[in-house]
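One structure below.
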Amino acid sequence: MAEVCSFRVENTRVKIGRIFQDGVRFGCCRCATFCCRLGGPQLTERDMVRLEETDIKRELFVEGRSLRNKANGECIFLRRDLGSGSYTCAIYEHRPVLCRIYPFDLKIDKNDEWMLSLLPCKGLSTPKGESVDRRFIEKHLKPLFPQIRTLYEEKEKRKRVKVV
Ligand code: SF4
Ligand code: SF4
C-alpha cells in the first residue's frame with residue numbers, strides 16, 4: 001500500500017496508507033457486523049489490569065490470552081439493545097486495546113515500521129462520520145500505538161517460547 005505521510009511514535013515510524021487520502025470518514029453505527037463477532041480479542045497485560053478493575057473474575061472472561069466467546073462466536077461482552085436493535089459493549093470503559101483501535105489496524109514491516117490500514121467496517125465512509133485525517137489519527141489512534149506494539153511483542157515472545 002502506498003504511503004502518503006508518516007510520523008514517529010517512540011522509535012517507530014508509522015506510515016499512513018494512501019487510502020486515508022481519499023476522504024475516509026468513520027462513525028460507529030453499533031452494528032457489530034464485523035467487530036465483536038470475530039472471536040474474543042487478544043489481550044495485553046495492560047488489558048488484563050483494565051479488565052480486573054471490573055471486579056469480574058478473570059476465569060469468567062479470559063480463555064488463554066483472549067476474551068472468551070459465546071457459543072455463537074460473539075465476544076462474551078457483546079449485548080444487543082432490544083429496543084433500538086443496536087449493540088453495546090458491557091465493559092466499554094475497560095475494553096481491550098484491539099477493540100479501541102478497530103476498524104484501524106497496524107501492520108509491522110521488516111524494517112520495524114508500521115503501516116496504518118483499515119479493517120472491514122460498516123461505519124467507514126459514512127457521511128455522518130468524523131473525517132479520518134491527521135488530527136483524528138493523532139487524537140484517537142496515536143495514544144494506542146504503544147499498546148498495539150506491546151501486543152505484537154508479547155505474541156512474538158510466546159511464538160519464540162513455543163519454538164524453543
Ligand atoms: S470487549 Fe466489547 S468492544 Fe471488545 S469485542 Fe467484546 S463486546 Fe466488542
Ligand atoms: S466498528 Fe464498524 S463494524 Fe463495529 S460496530 Fe462500529 S460500525 Fe459496526
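Every chain in the C-alpha cells has a letter given in the order shown (A, B, ...), and although residue numbers restart at 1 in each chain, ligands are simply numbered from 1 in the order shown.
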Practice problem: Assign secondary structure with DSSP using the backbone only, and return the residues of chain A in strand (DSSP E) as a VMD selection string. | Solution: chain A and resid 3 to 9 12 to 17 25 to 26 62 to 63 66 to 67 78 to 80 87 to 89 104 to 108 114 to 118 130 to 131
Quiz item: Which polymer residues have any atom within 12 Å of an atom of Leu60 in chain A, counting only C-alpha atoms, with same-chain residues fewer than 3 positions away left out, as a list in words?
Solution: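 Close residues of Leu60 in chain A: Leu51, Glu52, Thr54, Asp55, Ile56, Lys57, Glu63, Gly64, Ser66, Leu67, Arg68, Asn69, Lys70, Ile76 and Phe77 of chain A.
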Atoms kept (N, CA and C atoms) for selection, written as a PDB file, in the first residue's frame:
```
ATOM      1  N   LEU A  51      -9.259  -4.945  32.797  1.00  0.00           N
ATOM      2  CA  LEU A  51     -10.416  -5.840  32.953  1.00  0.00           C
ATOM      3  C   LEU A  51     -10.612  -6.231  34.414  1.00  0.00           C
ATOM      4  N   GLU A  52      -9.504  -6.348  35.147  1.00  0.00           N
ATOM      5  CA  GLU A  52      -9.634  -6.729  36.559  1.00  0.00           C
ATOM      6  C   GLU A  52     -10.276  -5.610  37.378  1.00  0.00           C
ATOM      7  N   THR A  54     -12.943  -4.327  36.682  1.00  0.00           N
ATOM      8  CA  THR A  54     -14.395  -4.524  36.595  1.00  0.00           C
ATOM      9  C   THR A  54     -14.919  -5.404  37.727  1.00  0.00           C
ATOM     10  N   ASP A  55     -14.028  -6.029  38.482  1.00  0.00           N
ATOM     11  CA  ASP A  55     -14.403  -6.966  39.555  1.00  0.00           C
ATOM     12  C   ASP A  55     -15.022  -8.255  39.032  1.00  0.00           C
ATOM     13  N   ILE A  56     -14.977  -8.481  37.716  1.00  0.00           N
ATOM     14  CA  ILE A  56     -15.448  -9.768  37.187  1.00  0.00           C
ATOM     15  C   ILE A  56     -14.280 -10.747  37.328  1.00  0.00           C
ATOM     16  N   LYS A  57     -14.578 -11.957  37.782  1.00  0.00           N
ATOM     17  CA  LYS A  57     -13.495 -12.923  37.992  1.00  0.00           C
ATOM     18  C   LYS A  57     -12.818 -13.258  36.665  1.00  0.00           C
ATOM     19  N   GLU A  63      -9.855 -16.685  28.250  1.00  0.00           N
ATOM     20  CA  GLU A  63      -9.536 -18.046  27.814  1.00  0.00           C
ATOM     21  C   GLU A  63      -8.190 -17.958  27.103  1.00  0.00           C
ATOM     22  N   GLY A  64      -7.172 -18.556  27.669  1.00  0.00           N
ATOM     23  CA  GLY A  64      -5.822 -18.395  27.114  1.00  0.00           C
ATOM     24  C   GLY A  64      -5.420 -16.939  27.233  1.00  0.00           C
ATOM     25  N   SER A  66      -7.045 -14.495  25.383  1.00  0.00           N
ATOM     26  CA  SER A  66      -8.112 -13.738  24.712  1.00  0.00           C
ATOM     27  C   SER A  66      -9.353 -13.658  25.597  1.00  0.00           C
ATOM     28  N   LEU A  67     -10.276 -12.773  25.207  1.00  0.00           N
ATOM     29  CA  LEU A  67     -11.587 -12.779  25.857  1.00  0.00           C
ATOM     30  C   LEU A  67     -12.358 -14.004  25.400  1.00  0.00           C
ATOM     31  N   ARG A  68     -13.201 -14.511  26.247  1.00  0.00           N
ATOM     32  CA  ARG A  68     -13.998 -15.690  25.883  1.00  0.00           C
ATOM     33  C   ARG A  68     -15.039 -15.339  24.818  1.00  0.00           C
ATOM     34  N   ASN A  69     -15.463 -16.367  24.083  1.00  0.00           N
ATOM     35  CA  ASN A  69     -16.572 -16.234  23.113  1.00  0.00           C
ATOM     36  C   ASN A  69     -17.836 -16.818  23.709  1.00  0.00           C
ATOM     37  N   LYS A  70     -18.977 -16.363  23.192  1.00  0.00           N
ATOM     38  CA  LYS A  70     -20.232 -17.081  23.440  1.00  0.00           C
ATOM     39  C   LYS A  70     -20.256 -18.277  22.477  1.00  0.00           C
ATOM     40  N   ILE A  76     -17.930 -12.409  24.591  1.00  0.00           N
ATOM     41  CA  ILE A  76     -18.775 -12.640  25.765  1.00  0.00           C
ATOM     42  C   ILE A  76     -19.429 -11.337  26.284  1.00  0.00           C
ATOM     43  N   PHE A  77     -18.838 -10.188  25.962  1.00  0.00           N
ATOM     44  CA  PHE A  77     -19.357  -8.923  26.488  1.00  0.00           C
ATOM     45  C   PHE A  77     -20.269  -8.168  25.513  1.00  0.00           C
TER      46      PHE A  77
END
```
Exercise. Identify, counting only C-alpha atoms and all ligand atoms, the protein, DNA and RNA residues located within 8 Å of ligand 1, and give them as a list in words.
Key: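 Selection of residues at most 8 Å from ligand 1: Ala32, Cys35, Cys36, Arg37, Leu38, Gly39, Gly40, Pro41, Leu67, Glu74, Cys75, Ile76, Phe77, Leu78, Arg79, Thr88, Cys89, Ala90, Ile91, Tyr92, His94, Arg95, Pro96, Leu98, Cys99 and Arg100 of chain A.
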Quiz item: Smallest atom-to-atom distance to Thr150 in chain A: which of A:Ser84, A:Leu43, A:Asp112, A:Phe136, using only C-alpha atoms?
Solution: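 Answer, going by the shortest atom-to-atom distance: A:Leu43.
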Quiz prompt | Contacts to ligand 2 at 9 Å cut-off (only C-alpha atoms and all ligand atoms) as a list in words | solution =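 Listing the residues within 9 Å of ligand 2 gives Phe26, Gly27, Cys28, Cys29, Arg30, Cys31, Ala32, Thr33, Phe34, Cys35, Cys36, Ser86, Tyr87, Thr88, Cys99, Tyr102, Pro103, Leu119, Pro120, Cys121, Lys122, Gly123 and Leu124 of chain A.
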Practice problem: Mind the document's chain letters and residue numbers, and return as a ChimeraX atom specification the residues of chain A that DSSP labels helix (DSSP H, G or I). | Solution: /A:18-21,45-52,58-61,92-94,97-101,134-163
Quiz item: With only C-alpha atoms as the atoms that count, which of A:Val49, A:Val161, A:Ile101, A:Val132 lies nearest to Pro146 in chain A?
Solution: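 Ranking A:Val49, A:Val161, A:Ile101, A:Val132 by distance to Pro146 in chain A, first place goes to A:Ile101.
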Quiz item: Mind pulling up the distance from CA of Arg8 in chain A to CA of Phe145 in chain A?
Solution: 10.3 Å
Quiz item: Quick one: residues within 12 Å of Ser6 in chain A, only C-alpha atoms counted, chain neighbours fewer than 6 positions away excluded, as a list in words?
Solution: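 The residues satisfying every condition are Thr12, Arg13, Val14, Lys15, Ile16, Gly17, Arg18, Phe20, Glu113, Trp114, Met115, Leu116, Arg134, Ile137, Glu138 and Lys142 of chain A.
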Self-check item: Atomic separation - CA of Asp81 in chain A relative to CA of Thr44 in chain A, Å
Solution: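 It comes out at 28.7 Å.
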